[in-house]
There are 2 protein chains.
Amino acid sequence: MDSVKIFLAEEDMPRHWYNIQADLPEPMPPVIHPGTHEPIGPDDLAPLFPMGLIAQEVSQERYIEIPDEILDIYKIWRPSPLVRARNWEKALGTPAKIYYKWEGVSPAGSHKPNTSIAQAWYNKEEGVQRITTETGAGQWGSALSLACNFFGIECKVYMVRVSFDQKPYRRLMMQSWGATCIPSPSDQTNAGRKILEMDPDTPGSLGIAISEAVEEAAMREDTKYSLGSVLNHVMLHQTIIGLESIMQFEMAGDYPDVVIGCAGGGSNFAGFAFPFVRDMLVDEKKTKVIAVEPKACPTLTRGLYKYDFGDTACTTPLIRMHTLGHDFVPAPLHAGGLRYHGMAPSVSHLYEKGYIGAQAYHQKECFDAALGFARAEGHLVAPETSHAVKAAMDEALACKESGEAKVVAFNASGHGHFDMGAYEKYFAGDLVNYEYPERKIEEALSKLPPLD
Amino acid sequence: MDSVKIFLAEEDMPRHWYNIQADLPEPMPPVIHPGTHEPIGPDDLAPLFPMGLIAQEVSQERYIEIPDEILDIYKIWRPSPLVRARNWEKALGTPAKIYYKWEGVSPAGSHKPNTSIAQAWYNKEEGVQRITTETGAGQWGSALSLACNFFGIECKVYMVRVSFDQKPYRRLMMQSWGATCIPSPSDQTNAGRKILEMDPDTPGSLGIAISEAVEEAAMREDTKYSLGSVLNHVMLHQTIIGLESIMQFEMAGDYPDVVIGCAGGGSNFAGFAFPFVRDMLVDEKKTKVIAVEPKACPTLTRGLYKYDFGDTACTTPLIRMHTLGHDFVPAPLHAGGLRYHGMAPSVSHLYEKGYIGAQAYHQKECFDAALGFARAEGHLVAPETSHAVKAAMDEALACKESGEAKVVAFNASGHGHFDMGAYEKYFAGDLVNYEYPERKIEEALSKLPPLD
């Protein structure tokens, strides 16, 4: 009988993360201090992050060892299975081989714990007692709650108020792991109070929540801040996904022709794809690598590669990245994790250099694809993940046209158990396809220093 | 580094289910026709079940081959991991080794697909086009929807009305897999219409839902009925859990001293435990085997071992089993899957003969245990599963007292992602411990023929 899952044994799990900075043909542009216009240094980041993570953020080392304590937690669900989607191939009638890496097996239900566990550990090592963060749909907040719980760190999550009200189950998950989750804006920070004063009924936004979490961390000696995407060290921790996958493909005797991940801030895409990009950069493999984003928030396909702030309130350093402008408010997509105005600078850099491609879809066609996948393979994926499913389906259908038996691989970043409300709207025909509002991104950036 | 998960390779997956009837020291009492008082034969069951399953129901064969098509679907998530709960051991400070078999990795989130896939396949083989069933909390309805979808069978689920209203996510899951899920009582059956006439606002019950599903299957030529627990063939299909576990324990170089599963109708308990019971019966292993049930529905610990109906409406054959009386309506526990008045006849038989033990707990202490488990091991388990967690914890704490390093194993039958409302009540302090109402079970049975 044909095998379906490729399981890697625990003892064969990768012991290092892969740092793509070591292999870039050109270094990434520096991160710039908004006041001095000079590249920022470790000291600028020290109030927010432990030195262990700051060191990783700027490291040029190719492989960074994963500490044993982190591996021990990873082993609760890692290595995750690489699954051959045989039933879906049959249903699509494609000669392509489709594989998905199934990250939904983690206790938080997505790839996010790969970095939250690592971040919590490096904080613990430096005696940090509290960590703040923000969360939109709740995936990241749950993952950090889980991680802090393992290492006895207090965790406070500012959750965008509208999600806090609409998704009580995600909040309860964080509470189960001992975290405090409060709706943002709150009266616990200057940023929050200021917004509430102007608009007591505001639904909140990720930008506001970031400002609150950063403010609290900056103000308190015992507290650091944690981010679930965008930054280099986050991409680094996620590469365990792709490193495992490469070993699993070797076991299966295959190698992907197409590598796909959905991209909001870029972390699950980078985590899966970067080890394959390494093979392109170093071993001259010819692989098509696709970042998939929503048409309503088309950061790579429509955004500009410019210096911009990471948050709406303009409190972060300036990062050169693909951006729709820091004041862009994406439409209320169900794929909350893909609603970000920017894109990880490493992903943006590789896109700009032509190593990776991008593809944008509307949410309805993504749900169509996810439903077909669920009926063939069983798993109900998160709305974010449905974007990767759609791109994989299109690649497989193109093979059906051309008769090619390509190997198509995508990262199934998470399950949709907390997103069934989105499926409900889909079934009811109430799902809206949001068009990207044509806008002058330059206007949002006009007050920034002319850095590029 | 110490291993955490014991992964069995797909190619080593068991190819047979284990039928405990072959090894029972005494045969189980026959199932009796309520009209003739004679043991029922295959023909009596033919209107409801395909012959392939009826044959398994009465089979005395020790090992029954698993058809390849079923194995191929199993492989989407099986073999499931056996996990060493190292963090929880540390948190409890116990010298015991705790292992859990993690069935939450299935697409439906529990062990239920082990039998739903098999049942759907045998129905398909005999050309059945439609299957009806009932569901309470929704675990079984989801699992059968998933299974029917794989084999192109129409699936109709009668869901207890109060759950239908309270748990829209479970209903949406069934819809995602193409099933029709309607609230019971409905106006689509005589049984449903009769109840609605008397009480239009009834919340429904599992007993009513069974009557509706059975009625529809009995009335239509193209339709069969499917049950998610209690029957011998259901226990049989679930034994893949225990068979895998035994192989995994061998890989780990351990063997459990204590084997634990929660028990409602008995299927996840039996599936995990029966292969270990085989080792007791055949190889004279000394293992403590515990079925765990709610104090509010203490079928084994307080029920009588009598002939009784399987449903409230007295439409099924008479089964000798532990029962609280077919008219018993359990309190509205969150562990909906453990709210059943009877217990699988095979489990009842083994309990009566002293091969297995039973333990009852209140739901609050089970949630306490589940929370401790979630904080140590990450996974949030279903309220049903929390009963097994509690029993495992008590065994581990007893080892702490005695200093014994026993191997304690339990079946983690499912995740709690669709049960966070129960956790919400737990956190809010709104969870009620329901006492079992002292009752004369004999009165409920007084109209039955004196069969034992």
# chains A, B, ... in the order shown; residues from 1 in each chain; ligands from 1

$ interface_residues --of "chain A" --to "chain B" --cutoff "9 Å" --atoms "only C-alpha atoms" --output "PyMOL selection string"
chain A and resi 1-11+68+71-73+75-78+81+83-85+87+104-108+146-147+149-150+168-170+172-173+175-178+371+374-380+417-421+423-424+427

$ residues_around --residues "A:Pro294" --least-positions-apart "6" --cutoff "8 Å" --atoms "only C-alpha atoms" --output "list in words"
Leu338, Ala360, Tyr361, His362, Gln363 and His387 of chain A

$ write_last_selection --atoms "all heavy atoms" --output "PDB file, in the first residue's frame"
ATOM      1  N   LEU A 338      -3.716  37.449   7.869  1.00  0.00           N
ATOM      2  CA  LEU A 338      -3.139  37.990   6.631  1.00  0.00           C
ATOM      3  C   LEU A 338      -3.442  39.481   6.485  1.00  0.00           C
ATOM      4  O   LEU A 338      -3.158  40.071   5.453  1.00  0.00           O
ATOM      5  CB  LEU A 338      -3.669  37.214   5.410  1.00  0.00           C
ATOM      6  CG  LEU A 338      -3.492  35.689   5.444  1.00  0.00           C
ATOM      7  CD1 LEU A 338      -3.976  35.060   4.140  1.00  0.00           C
ATOM      8  CD2 LEU A 338      -2.037  35.307   5.703  1.00  0.00           C
ATOM      9  N   ALA A 360      -2.097  36.573  -5.500  1.00  0.00           N
ATOM     10  CA  ALA A 360      -3.181  37.057  -4.627  1.00  0.00           C
ATOM     11  C   ALA A 360      -4.508  36.442  -5.035  1.00  0.00           C
ATOM     12  O   ALA A 360      -4.780  36.257  -6.222  1.00  0.00           O
ATOM     13  CB  ALA A 360      -3.249  38.581  -4.687  1.00  0.00           C
ATOM     14  N   TYR A 361      -5.334  36.130  -4.033  1.00  0.00           N
ATOM     15  CA  TYR A 361      -6.659  35.549  -4.288  1.00  0.00           C
ATOM     16  C   TYR A 361      -7.728  36.258  -3.461  1.00  0.00           C
ATOM     17  O   TYR A 361      -7.440  36.840  -2.410  1.00  0.00           O
ATOM     18  CB  TYR A 361      -6.685  34.064  -3.907  1.00  0.00           C
ATOM     19  CG  TYR A 361      -5.881  33.170  -4.810  1.00  0.00           C
ATOM     20  CD1 TYR A 361      -4.680  32.617  -4.371  1.00  0.00           C
ATOM     21  CD2 TYR A 361      -6.324  32.860  -6.092  1.00  0.00           C
ATOM     22  CE1 TYR A 361      -3.938  31.788  -5.198  1.00  0.00           C
ATOM     23  CE2 TYR A 361      -5.583  32.021  -6.916  1.00  0.00           C
ATOM     24  CZ  TYR A 361      -4.395  31.483  -6.472  1.00  0.00           C
ATOM     25  OH  TYR A 361      -3.669  30.662  -7.280  1.00  0.00           O
ATOM     26  N   HIS A 362      -8.961  36.133  -3.942  1.00  0.00           N
ATOM     27  CA  HIS A 362     -10.112  36.581  -3.159  1.00  0.00           C
ATOM     28  C   HIS A 362     -10.505  35.500  -2.158  1.00  0.00           C
ATOM     29  O   HIS A 362     -10.277  34.313  -2.406  1.00  0.00           O
ATOM     30  CB  HIS A 362     -11.292  36.891  -4.084  1.00  0.00           C
ATOM     31  CG  HIS A 362     -11.257  38.280  -4.640  1.00  0.00           C
ATOM     32  ND1 HIS A 362     -11.098  39.392  -3.842  1.00  0.00           N
ATOM     33  CD2 HIS A 362     -11.370  38.749  -5.911  1.00  0.00           C
ATOM     34  CE1 HIS A 362     -11.113  40.484  -4.602  1.00  0.00           C
ATOM     35  NE2 HIS A 362     -11.264  40.131  -5.854  1.00  0.00           N
ATOM     36  N   GLN A 363     -11.155  35.913  -1.057  1.00  0.00           N
ATOM     37  CA  GLN A 363     -11.393  34.921  -0.014  1.00  0.00           C
ATOM     38  C   GLN A 363     -12.405  33.837  -0.404  1.00  0.00           C
ATOM     39  O   GLN A 363     -12.291  32.699   0.030  1.00  0.00           O
ATOM     40  CB  GLN A 363     -11.738  35.561   1.333  1.00  0.00           C
ATOM     41  CG  GLN A 363     -13.021  36.346   1.423  1.00  0.00           C
ATOM     42  CD  GLN A 363     -13.252  36.868   2.868  1.00  0.00           C
ATOM     43  OE1 GLN A 363     -12.512  36.559   3.796  1.00  0.00           O
ATOM     44  NE2 GLN A 363     -14.291  37.665   3.044  1.00  0.00           N
ATOM     45  N   HIS A 387      -5.658  30.078   1.662  1.00  0.00           N
ATOM     46  CA  HIS A 387      -4.978  30.757   0.549  1.00  0.00           C
ATOM     47  C   HIS A 387      -3.889  29.866  -0.059  1.00  0.00           C
ATOM     48  O   HIS A 387      -3.715  29.819  -1.276  1.00  0.00           O
ATOM     49  CB  HIS A 387      -4.388  32.097   1.020  1.00  0.00           C
ATOM     50  CG  HIS A 387      -5.435  33.135   1.299  1.00  0.00           C
ATOM     51  ND1 HIS A 387      -6.270  33.071   2.397  1.00  0.00           N
ATOM     52  CD2 HIS A 387      -5.808  34.246   0.610  1.00  0.00           C
ATOM     53  CE1 HIS A 387      -7.102  34.106   2.378  1.00  0.00           C
ATOM     54  NE2 HIS A 387      -6.844  34.840   1.307  1.00  0.00           N
TER      55      HIS A 387
END

$ residues_around --residues "A:Glu38" --least-positions-apart "3" --cutoff "12 Å" --atoms "only C-alpha atoms" --output "JSON, numbers by chain"
{"A": [29, 30, 31, 32, 33, 34, 35, 41, 44, 317, 318, 319, 449, 451]}

$ select_by_dssp --residues "stretch 268-397 of chain B" --states "strand (DSSP E)" --output "list of chain:residue names"
B:Lys288, B:Val289, B:Ile290, B:Ala291, B:Val292, B:Glu293, B:Pro294, B:Leu304, B:Tyr305, B:Lys306, B:Tyr307, B:Asp308, B:Phe309, B:Leu318, B:Ile319, B:Arg320, B:Met321, B:His322, B:Thr323, B:Gly357, B:Ala358, B:Gln359, B:Ala360, B:Tyr361

$ residues_around --residues "A:Lys288" --least-positions-apart "6" --cutoff "7 Å" --atoms "only C-alpha atoms" --output "MDAnalysis selection string"
chainID A and resid 257:259

$ write_last_selection --atoms "N, CA, C and O atoms" --output "short mmCIF file (atom, residue, chain, number, x, y, z; two decimals), in the first residue's frame"
data_model
loop_
_atom_site.label_atom_id
_atom_site.label_comp_id
_atom_site.auth_asym_id
_atom_site.auth_seq_id
_atom_site.Cartn_x
_atom_site.Cartn_y
_atom_site.Cartn_z
N ASP A 257 8.66 20.71 -6.83
CA ASP A 257 8.87 21.67 -7.91
C ASP A 257 8.27 23.02 -7.55
O ASP A 257 8.71 24.06 -8.03
N VAL A 258 7.22 22.98 -6.72
CA VAL A 258 6.53 24.20 -6.32
C VAL A 258 6.38 24.18 -4.80
O VAL A 258 5.94 23.18 -4.23
N VAL A 259 6.74 25.30 -4.16
CA VAL A 259 6.66 25.42 -2.70
C VAL A 259 5.77 26.62 -2.38
O VAL A 259 6.02 27.73 -2.86
#

$ residues_around --residues "A:Asn232" --least-positions-apart "6" --cutoff "8 Å" --atoms "only C-alpha atoms" --output "compact mmCIF listing (two decimals) with N, CA and C atoms, in the first residue's frame"
# COMPACT_ATOMS: atom_id res chain seq x y z
N GLN A 56 20.08 37.02 17.45
CA GLN A 56 19.57 36.25 16.30
C GLN A 56 19.04 37.17 15.21
N GLU A 57 18.48 38.29 15.62
CA GLU A 57 17.89 39.22 14.66
C GLU A 57 18.94 39.71 13.66
N VAL A 58 20.17 39.89 14.12
CA VAL A 58 21.22 40.45 13.26
C VAL A 58 22.28 39.40 12.87
N ALA A 344 7.43 40.74 6.04
CA ALA A 344 8.76 40.52 6.61
C ALA A 344 9.84 41.04 5.65
N PRO A 345 10.81 41.81 6.15
CA PRO A 345 11.84 42.35 5.26
C PRO A 345 12.61 41.26 4.52
N SER A 346 12.80 40.10 5.15
CA SER A 346 13.52 39.03 4.46
C SER A 346 12.71 38.50 3.28

$ closest_residue --among "A:Thr133, A:Thr287, A:Ser186, A:Gln248" --to "A:Ser80" --atoms "only C-alpha atoms"
A:Gln248

$ residues_around --residues "A:Ala118" --least-positions-apart "4" --cutoff "8 Å" --atoms "only C-alpha atoms" --output "list of chain:residue names"
A:Ile70, A:Asn114, A:Tyr122, A:His237

$ residues_around --residues "stretch 394-409 of chain B" --least-positions-apart "3" --cutoff "7 Å" --atoms "only C-alpha atoms" --output "PyMOL selection string"
chain B and resi 93-100+255-260+390-391

$ write_last_selection --atoms "N, CA and C atoms" --output "tab-separated table (two decimals), in the first residue's frame"
chain	number	residue	atom	x	y	z
B	93	GLY	N	5.14	15.73	40.23
B	93	GLY	CA	6.18	15.24	41.14
B	93	GLY	C	6.06	13.75	41.40
B	94	THR	N	5.68	13.02	40.39
B	94	THR	CA	5.44	11.58	40.57
B	94	THR	C	6.58	10.76	39.98
B	95	PRO	N	6.90	9.63	40.61
B	95	PRO	CA	7.87	8.71	39.99
B	95	PRO	C	7.23	7.87	38.88
B	96	ALA	N	5.90	7.96	38.73
B	96	ALA	CA	5.21	7.19	37.68
B	96	ALA	C	5.61	7.70	36.31
B	97	LYS	N	5.57	6.79	35.32
B	97	LYS	CA	5.68	7.21	33.93
B	97	LYS	C	4.27	7.29	33.36
B	98	ILE	N	3.91	8.46	32.85
B	98	ILE	CA	2.56	8.62	32.29
B	98	ILE	C	2.64	8.70	30.77
B	99	TYR	N	1.83	7.89	30.12
B	99	TYR	CA	1.72	7.93	28.65
B	99	TYR	C	0.27	8.23	28.28
B	100	TYR	N	0.10	9.01	27.20
B	100	TYR	CA	-1.26	9.12	26.66
B	100	TYR	C	-1.27	8.86	25.16
B	255	TYR	N	5.70	-1.32	29.49
B	255	TYR	CA	4.38	-1.93	29.39
B	255	TYR	C	3.55	-1.34	30.52
B	256	PRO	N	2.31	-0.96	30.24
B	256	PRO	CA	1.55	-0.25	31.28
B	256	PRO	C	1.13	-1.15	32.45
B	257	ASP	N	1.26	-0.60	33.65
B	257	ASP	CA	0.68	-1.26	34.83
B	257	ASP	C	-0.78	-0.89	34.98
B	258	VAL	N	-1.12	0.29	34.50
B	258	VAL	CA	-2.49	0.78	34.61
B	258	VAL	C	-2.94	1.30	33.25
B	259	VAL	N	-4.13	0.88	32.82
B	259	VAL	CA	-4.69	1.28	31.52
B	259	VAL	C	-6.04	1.94	31.77
B	260	ILE	N	-6.20	3.17	31.26
B	260	ILE	CA	-7.36	3.98	31.63
B	260	ILE	C	-8.06	4.55	30.40
B	390	LYS	N	-8.20	12.68	34.86
B	390	LYS	CA	-8.32	12.70	36.32
B	390	LYS	C	-7.90	11.35	36.93
B	391	ALA	N	-8.35	10.27	36.33
B	391	ALA	CA	-7.99	8.95	36.86
B	391	ALA	C	-6.50	8.70	36.75

$ closest_residue --among "B:Glu154, B:Glu89, B:Asp327, B:Glu442" --to "B:Gly342" --atoms "only C-alpha atoms"
B:Asp327

$ atom_distance --atom1 "atom CA of B:Asn19" --atom2 "atom CA of B:Ser59"
7.9 Å

$ select_by_dssp --residues "stretch 143-335 of chain A" --states "helix (DSSP H, G or I)" --output "JSON, numbers by chain"
{"A": [143, 144, 145, 146, 147, 148, 149, 150, 161, 162, 163, 164, 165, 166, 168, 169, 170, 171, 172, 173, 174, 175, 176, 190, 191, 192, 193, 194, 195, 196, 197, 198, 206, 207, 208, 209, 210, 211, 212, 213, 214, 215, 216, 217, 218, 219, 232, 233, 234, 235, 236, 237, 238, 240, 241, 242, 243, 244, 245, 246, 247, 248, 249, 250, 251, 252, 267, 268, 269, 270, 271, 272, 273, 274, 275, 276, 277, 278, 279, 280, 281, 282, 283, 299, 300, 301, 302]}

$ decode --residues "stretch 55-112 of chain B" --atoms "C-alpha atoms" --output "compact mmCIF listing (two decimals), in the first residue's frame"
# COMPACT_ATOMS: atom_id res chain seq x y z
CA ALA B 55 -21.15 -10.60 10.67
CA GLN B 56 -18.61 -8.70 12.77
CA GLU B 57 -21.18 -8.15 15.50
CA VAL B 58 -21.45 -11.89 16.12
CA SER B 59 -18.00 -13.01 14.96
CA GLN B 60 -15.87 -15.23 17.19
CA GLU B 61 -12.81 -14.78 14.98
CA ARG B 62 -9.88 -13.38 16.96
CA TYR B 63 -8.41 -11.03 14.33
CA ILE B 64 -10.42 -9.45 11.54
CA GLU B 65 -8.55 -8.03 8.58
CA ILE B 66 -8.83 -4.31 7.97
CA PRO B 67 -9.65 -3.68 4.29
CA ASP B 68 -7.03 -1.66 2.39
CA GLU B 69 -9.38 1.19 1.55
CA ILE B 70 -10.07 1.71 5.25
CA LEU B 71 -6.35 1.59 6.07
CA ASP B 72 -5.75 4.21 3.37
CA ILE B 73 -8.14 6.62 5.07
CA TYR B 74 -6.82 5.77 8.54
CA LYS B 75 -3.38 6.78 7.30
CA ILE B 76 -4.43 10.42 7.02
CA TRP B 77 -3.90 10.57 10.79
CA ARG B 78 -2.99 7.06 12.00
CA PRO B 79 -0.96 5.62 13.62
CA SER B 80 -1.68 8.24 16.25
CA PRO B 81 1.15 9.22 18.59
CA LEU B 82 1.67 7.64 21.98
CA VAL B 83 3.07 10.48 24.05
CA ARG B 84 5.12 10.34 27.24
CA ALA B 85 3.74 13.12 29.45
CA ARG B 86 7.14 14.11 30.84
CA ASN B 87 6.15 17.67 31.74
CA TRP B 88 3.06 16.51 33.56
CA GLU B 89 5.05 13.90 35.48
CA LYS B 90 7.37 16.69 36.62
CA ALA B 91 4.46 18.98 37.51
CA LEU B 92 2.86 16.21 39.58
CA GLY B 93 6.18 15.24 41.14
CA THR B 94 5.44 11.58 40.57
CA PRO B 95 7.87 8.71 39.99
CA ALA B 96 5.21 7.19 37.68
CA LYS B 97 5.68 7.21 33.93
CA ILE B 98 2.56 8.62 32.29
CA TYR B 99 1.72 7.93 28.65
CA TYR B 100 -1.26 9.12 26.66
CA LYS B 101 -2.51 7.90 23.31
CA TRP B 102 -3.47 11.05 21.40
CA GLU B 103 -6.59 10.50 19.30
CA GLY B 104 -7.26 14.24 18.94
CA VAL B 105 -5.20 14.29 15.72
CA SER B 106 -8.03 12.89 13.58
CA PRO B 107 -9.81 15.37 11.29
CA ALA B 108 -12.96 15.08 13.41
CA GLY B 109 -10.90 15.54 16.60
CA SER B 110 -11.55 12.24 18.35
CA HIS B 111 -11.31 8.45 18.14
CA LYS B 112 -14.77 8.22 16.53
